[in-house]
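Undergrad: Dropping a structure here in structure tokens format, bear with me for questions.
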Number of protein chains: 2
Amino acid sequence: MLRIITQQAEAQIELRRIRDRTSQDHVIHKEATVREVLQAIKRQGDKALLHYTEEFDHQTLSIDGLRVSGSELDAAYQQVSKELLDAIQLAAQQIEAFHRQRVPKSWVQFGDDEIVLGKRYTPVDRAGIYVPGGRASYPSTVLMNAIPAKVAKVPQVVMVTPPGSDKTINPAVLVAAQEAGVQEIYRVGGAQAIAALAYGTETIPKVDVITGPGNIYVTLAKKLVYGTVGIDSLAGPSEVLIIADTAANPVYIAADLLAQAEHDPMAASILLTSEAQLAKQVQEEVERQLKDHPRRLLTEKAIAHFGLIVLVDSLDEAAELSNEFAPEHLELEIAEPWDLLEKIRHAGAIFLGHSTPEAVGDYLAGPNHTLPTSGAARYASALGVETFMKHSSLIQYSSTALNKVSSAIQALAEAEGLPSHADSVRLRTQEEL
Amino acid sequence: MLRIITQQAEAQIELRRIRDRTSQDHVIHKEATVREVLQAIKRQGDKALLHYTEEFDHQTLSIDGLRVSGSELDAAYQQVSKELLDAIQLAAQQIEAFHRQRVPKSWVQFGDDEIVLGKRYTPVDRAGIYVPGGRASYPSTVLMNAIPAKVAKVPQVVMVTPPGSDKTINPAVLVAAQEAGVQEIYRVGGAQAIAALAYGTETIPKVDVITGPGNIYVTLAKKLVYGTVGIDSLAGPSEVLIIADTAANPVYIAADLLAQAEHDPMAASILLTSEAQLAKQVQEEVERQLKDHPRRLLTEKAIAHFGLIVLVDSLDEAAELSNEFAPEHLELEIAEPWDLLEKIRHAGAIFLGHSTPEAVGDYLAGPNHTLPTSGAARYASALGVETFMKHSSLIQYSSTALNKVSSAIQALAEAEGLPSHADSVRLRTQEEL
């Protein structure tokens, strides 16, 4: 049963508990395991990769079988329905269109005395994309990670994903990869796959950036290899916070809360509303929709532990509580969503109005669905084209320009006790005098 | 003595060794210490902060004395020379001017069927800036970290820096902070200061993003708190790679190499040139300039361990070796630097021509001097205004628009085994039929 809380103090405590649900100290001993895996892959490459795949995933793979073959890639298209292929293609097209906008562009500016300053944007050489697998199938994860890399013009994009029990990869995933321009796919998962991408093995190339969600071992591995490679973020379980007023439909809201809960027993589903009647209706409707839910056990667990309805006094109070929570997904199911937007400071993605369930953004509206979780929206943003690019500052001074700032640079260098910094300017400008 | 290498194979091995000079396994036991500090600050706040400041920095501070007072801030202006104040103000002004350009701006676009998509950029609520201290004084670090936060319109910017042995903070640092708009300064350093910013104590506010360089303990602390807060990067020791041709002046190049080496015994100074004579001249000139160098021991150590001249066959080969190294700073001391730029794929900042020593960018050209080190320029960029901002995706669909994509979303949700995702759309669009 989805709880309803009416006291503000209790609401704040509960929201904080839910926001911080993943910051448990018990991950420290899992880290020891992950460290061991990283070291082994670094030293023994493919051999260790096969070993851990056997140990953790109970799959006996051969080195030759790691890479998904051309014929498997071709065959995947025969294994998905026309309807699903169309949906993947529509999503790919809309995601690409959105990400193509405002791709960072290099620029230079010319100042007085022939000073040139600028920024030059370039893609990374190689990107690695992690796609969770096993029993589940996430073609949308493939599109949301691979398309920004493609738009960034990354020359080599490599995908890793754990195979199912028959060693195959879900055909929808293989089709999505190809639609997003990825042909190089390896059937490995877990911390060992992240290690392979970070350090390289005989078979799997070392990449520069690793993106994509995974379980706690994958996330810990990403944190540990950060600094050796770039990463997108440390993704935790998903969450939605919905702000609703009298204009909202309890049936829609219940479905949206469950759409979050059905992801993961750690997923969080929160409703903030000033309408006591709506709260009650949503509570009942969640029960009703849960009854025949194919993932009922898991979904109920999430709702029980990390589901919550909070009765608030006003939309302003709802906005304030939402800012404290900094949700990954925020739905504004209210009459005037654009008015409240001004009060929202932190949220990964904001869905406005009654006809914009989160699922629209999860699959095909265009913006990326890889978003900061567990309060990280306070400082982080969606994955994007810039995740796969970086820039170099450009600086050119003429001798005239250098002369004009020479004494200022020397004063600063001397204050910092760095004489050769001063010399590097003094020697160049002395001769000009 | 700065070594000269002529064999390409040896050069590659040596360049790799230098690039990877900080990825040592011995940091793991330092991590245990840092973890302990983080846990203690999290649990005991100020009490633990004072304890570790006493233990590690041998300073007995009181809680009341943590924050730098208004009178200390005022007094700092009396303690710096007019020349230095002018230099700090010139640098602040040019850094601000550069960072004000292309500040990310919110946007929305209106599509068919009343679809609205966009991105909304907002600053973080609170930023924490770490400035190394003790005996050294780095007003430039203050400016390069605080000004982007100010330009991003961060409401609260907090600075931490370890005090000198008399518990004071260098006045140039205090002046730079005030010129950059920072008034809230605490005299603490080390991993304990990072922990205080990440978790908050009774005195020091919890922030959302921590930036700034520090020693290995500071860097490890930043890596461990990443995910609780955002961080700028994991900065290692500084490095410069210079590509020079016949047009280059060996005296300038020697000064630039030493300007890097004088930072840190782990700093790297590399010259790639096709001119054997220039190589020899630079080698001699480095010796000459080292003779009376005030930081000779430290600088010599860096030159001996991580200094290198490589004789290359061509500028193209130099560019390729530089891309492998992905230097923090790259100087193109060649006749046609803009021509070679096209071949450069990875570098934090690029200094073009003979009148642009790195010191120009270190202090006042405008672009940020906080740059990716140890090969991180393969995937990372300079600190910037965006380090202190994040964006929310905006999505609004009309019922007409939702109807048109309803079947595609349902197909994808079913392929992913997420029935409530499908329901959240189906329930909304059924009623429309």
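For the structure tokens, the naming scheme is as follows: chains receive sequential letters (A, B, ...) according to their order of presentation, residues are indexed from 1 within each chain, and ligands are indexed from 1 in presentation order.
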Using only C-alpha atoms, determine which residues lie at most 12 Å from Glu287 (chain A), disregarding the query and same-chain residues fewer than 5 positions distant; provide the list as a list in words.
TA: Met1, Leu2, Arg3, Pro250, Val251, Ala254, Ala255, Leu257, Leu258, Lys280, Gln281, Val282, Asp292, His293, Arg296, Thr299, Glu300, Ile303 and Ala304 of chain A
Undergrad: Would you mind exporting the chosen residues as a PDB file, in the first residue's frame, restricted to C-alpha atoms?
TA:
```
ATOM      1  CA  MET A   1       0.000   0.000   0.000  1.00  0.00           C
ATOM      2  CA  LEU A   2       1.331   3.395  -1.030  1.00  0.00           C
ATOM      3  CA  ARG A   3       1.635   5.452   2.157  1.00  0.00           C
ATOM      4  CA  PRO A 250      -5.459   9.584 -10.608  1.00  0.00           C
ATOM      5  CA  VAL A 251      -5.463   6.736 -13.142  1.00  0.00           C
ATOM      6  CA  ALA A 254      -0.970   5.640 -10.638  1.00  0.00           C
ATOM      7  CA  ALA A 255       0.322   4.241 -13.931  1.00  0.00           C
ATOM      8  CA  LEU A 257       4.172   5.760 -10.324  1.00  0.00           C
ATOM      9  CA  LEU A 258       4.058   2.061 -11.195  1.00  0.00           C
ATOM     10  CA  LYS A 280      -6.678   8.661  -1.744  1.00  0.00           C
ATOM     11  CA  GLN A 281      -7.739   7.934  -5.338  1.00  0.00           C
ATOM     12  CA  VAL A 282      -4.150   7.402  -6.457  1.00  0.00           C
ATOM     13  CA  ASP A 292      -2.652  -8.268 -12.264  1.00  0.00           C
ATOM     14  CA  HIS A 293       0.740  -6.684 -12.781  1.00  0.00           C
ATOM     15  CA  ARG A 296       3.799  -7.539  -9.141  1.00  0.00           C
ATOM     16  CA  THR A 299       6.846  -3.568  -8.087  1.00  0.00           C
ATOM     17  CA  GLU A 300       5.014  -3.933  -4.772  1.00  0.00           C
ATOM     18  CA  ILE A 303       6.109   0.859  -3.705  1.00  0.00           C
ATOM     19  CA  ALA A 304       6.226  -0.370  -0.110  1.00  0.00           C
TER      20      ALA A 304
END
```
Undergrad: I'd like the contact shell of Ala91 (chain A) - 8 Å cut-off, only C-alpha atoms, skipping same-chain residues fewer than 4 positions apart - returned as a CSV table (one decimal) with all heavy atoms, in the first residue's frame.
TA:
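Wrote it out as result21.csv, contents follow:
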```
chain,number,residue,atom,x,y,z
A,87,ALA,N,9.3,1.1,-34.4
A,87,ALA,CA,9.4,1.9,-33.1
A,87,ALA,C,10.8,2.2,-32.8
A,87,ALA,O,11.1,3.4,-32.4
A,87,ALA,CB,8.8,1.1,-32.0
A,95,ILE,N,15.7,10.8,-31.3
A,95,ILE,CA,16.8,11.0,-30.4
A,95,ILE,C,17.9,11.7,-31.1
A,95,ILE,O,18.5,12.6,-30.6
A,95,ILE,CB,17.2,9.6,-29.8
A,95,ILE,CG1,16.1,9.0,-28.9
A,95,ILE,CG2,18.5,9.8,-28.9
A,95,ILE,CD1,16.3,7.6,-28.5
A,143,LEU,N,20.1,2.9,-27.7
A,143,LEU,CA,19.9,4.2,-28.5
A,143,LEU,C,20.3,5.4,-27.7
A,143,LEU,O,21.0,6.3,-28.3
A,143,LEU,CB,18.4,4.3,-28.8
A,143,LEU,CG,17.8,3.2,-29.7
A,143,LEU,CD1,16.3,3.5,-29.9
A,143,LEU,CD2,18.5,3.0,-31.0
A,363,TYR,N,11.5,6.7,-24.0
A,363,TYR,CA,11.7,6.0,-25.3
A,363,TYR,C,12.0,6.9,-26.5
A,363,TYR,O,12.9,6.6,-27.3
A,363,TYR,CB,10.4,5.2,-25.6
A,363,TYR,CG,10.4,4.0,-24.6
A,363,TYR,CD1,9.3,3.8,-23.8
A,363,TYR,CD2,11.4,3.1,-24.6
A,363,TYR,CE1,9.2,2.7,-23.0
A,363,TYR,CE2,11.3,2.0,-23.8
A,363,TYR,CZ,10.2,1.8,-22.9
A,363,TYR,OH,10.2,0.7,-22.1
A,364,LEU,N,11.2,8.0,-26.7
A,364,LEU,CA,11.3,8.6,-28.0
A,364,LEU,C,11.1,10.1,-28.1
A,364,LEU,O,11.2,10.6,-29.3
A,364,LEU,CB,10.5,7.8,-29.0
A,364,LEU,CG,9.0,7.6,-28.6
A,364,LEU,CD1,8.2,8.9,-28.5
A,364,LEU,CD2,8.3,6.7,-29.7
A,365,ALA,N,10.9,10.8,-27.1
A,365,ALA,CA,10.7,12.3,-27.3
A,365,ALA,C,12.0,12.9,-27.9
A,365,ALA,O,11.9,13.8,-28.7
A,365,ALA,CB,10.3,12.9,-26.0
A,366,GLY,N,13.1,12.4,-27.5
A,366,GLY,CA,14.4,12.9,-28.1
A,366,GLY,C,15.4,13.2,-27.0
A,366,GLY,O,16.6,12.7,-27.1
```
Undergrad: Output as a Markdown table one row per residue of chain A within 6 Å of chain B: the closest atom pair and its distance in Å to one decimal place, counting only C-alpha atoms, sorted by chain and residue number ascending.
TA:
```
| residue | atom | partner | partner_atom | distance |
| --- | --- | --- | --- | --- |
| A:Leu84 | CA | B:Ala411 | CA | 5.6 |
| A:Ala87 | CA | B:Ala408 | CA | 4.6 |
| A:Val124 | CA | B:Tyr379 | CA | 5.7 |
| A:Ser137 | CA | B:Glu416 | CA | 5.3 |
| A:Tyr138 | CA | B:Glu416 | CA | 5.7 |
| A:Asp208 | CA | B:Tyr379 | CA | 5.9 |
| A:Gly230 | CA | B:Tyr379 | CA | 5.9 |
| A:Ala255 | CA | B:Ser424 | CA | 4.9 |
| A:Asp256 | CA | B:Ser424 | CA | 5.6 |
| A:Leu258 | CA | B:Ser420 | CA | 5.9 |
| A:Ala259 | CA | B:Ser420 | CA | 4.5 |
| A:Ala347 | CA | B:Ser392 | CA | 5.7 |
| A:Gly348 | CA | B:Ser392 | CA | 4.9 |
| A:Ala349 | CA | B:Ser393 | CA | 4.4 |
| A:Ile350 | CA | B:Leu394 | CA | 5.0 |
| A:Phe351 | CA | B:Ile395 | CA | 5.0 |
| A:Leu352 | CA | B:Gln396 | CA | 4.9 |
| A:Ser355 | CA | B:Ser399 | CA | 5.3 |
| A:Thr356 | CA | B:Tyr397 | CA | 5.2 |
| A:Ala359 | CA | B:His421 | CA | 5.7 |
| A:Tyr379 | CA | B:Val124 | CA | 5.7 |
| A:Ala380 | CA | B:Lys390 | CA | 5.4 |
| A:Ser381 | CA | B:Lys390 | CA | 5.2 |
| A:Lys390 | CA | B:Ser381 | CA | 5.2 |
| A:His391 | CA | B:Ser381 | CA | 5.4 |
| A:Ser392 | CA | B:Gly348 | CA | 4.9 |
| A:Ser393 | CA | B:Ala349 | CA | 4.4 |
| A:Leu394 | CA | B:Ile350 | CA | 5.0 |
| A:Ile395 | CA | B:Phe351 | CA | 5.0 |
| A:Gln396 | CA | B:Leu352 | CA | 4.9 |
| A:Tyr397 | CA | B:Thr356 | CA | 5.1 |
| A:Ser398 | CA | B:Ser355 | CA | 5.6 |
| A:Ser399 | CA | B:Ser355 | CA | 5.3 |
| A:Ala408 | CA | B:Ala87 | CA | 4.6 |
| A:Ala411 | CA | B:Leu84 | CA | 5.6 |
| A:Glu416 | CA | B:Ser137 | CA | 5.3 |
| A:Ser420 | CA | B:Ala259 | CA | 4.5 |
| A:His421 | CA | B:Ala259 | CA | 4.8 |
| A:Ser424 | CA | B:Ala255 | CA | 4.9 |
```
Undergrad: Can you check which residues of region 192-420 of chain A DSSP gives as strand (DSSP E or B) on the backbone and send them as a ChimeraX atom specification?
TA: /A:209-211,226,229-231,239-244,268-273,307-311,329-333,349-352,389-396
Undergrad: Just give me the gap between CA of Ile147 (chain B) and CA of Glu96 (chain B) in Å, one decimal is fine.
TA: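 These atoms are spaced 6.1 Å apart.
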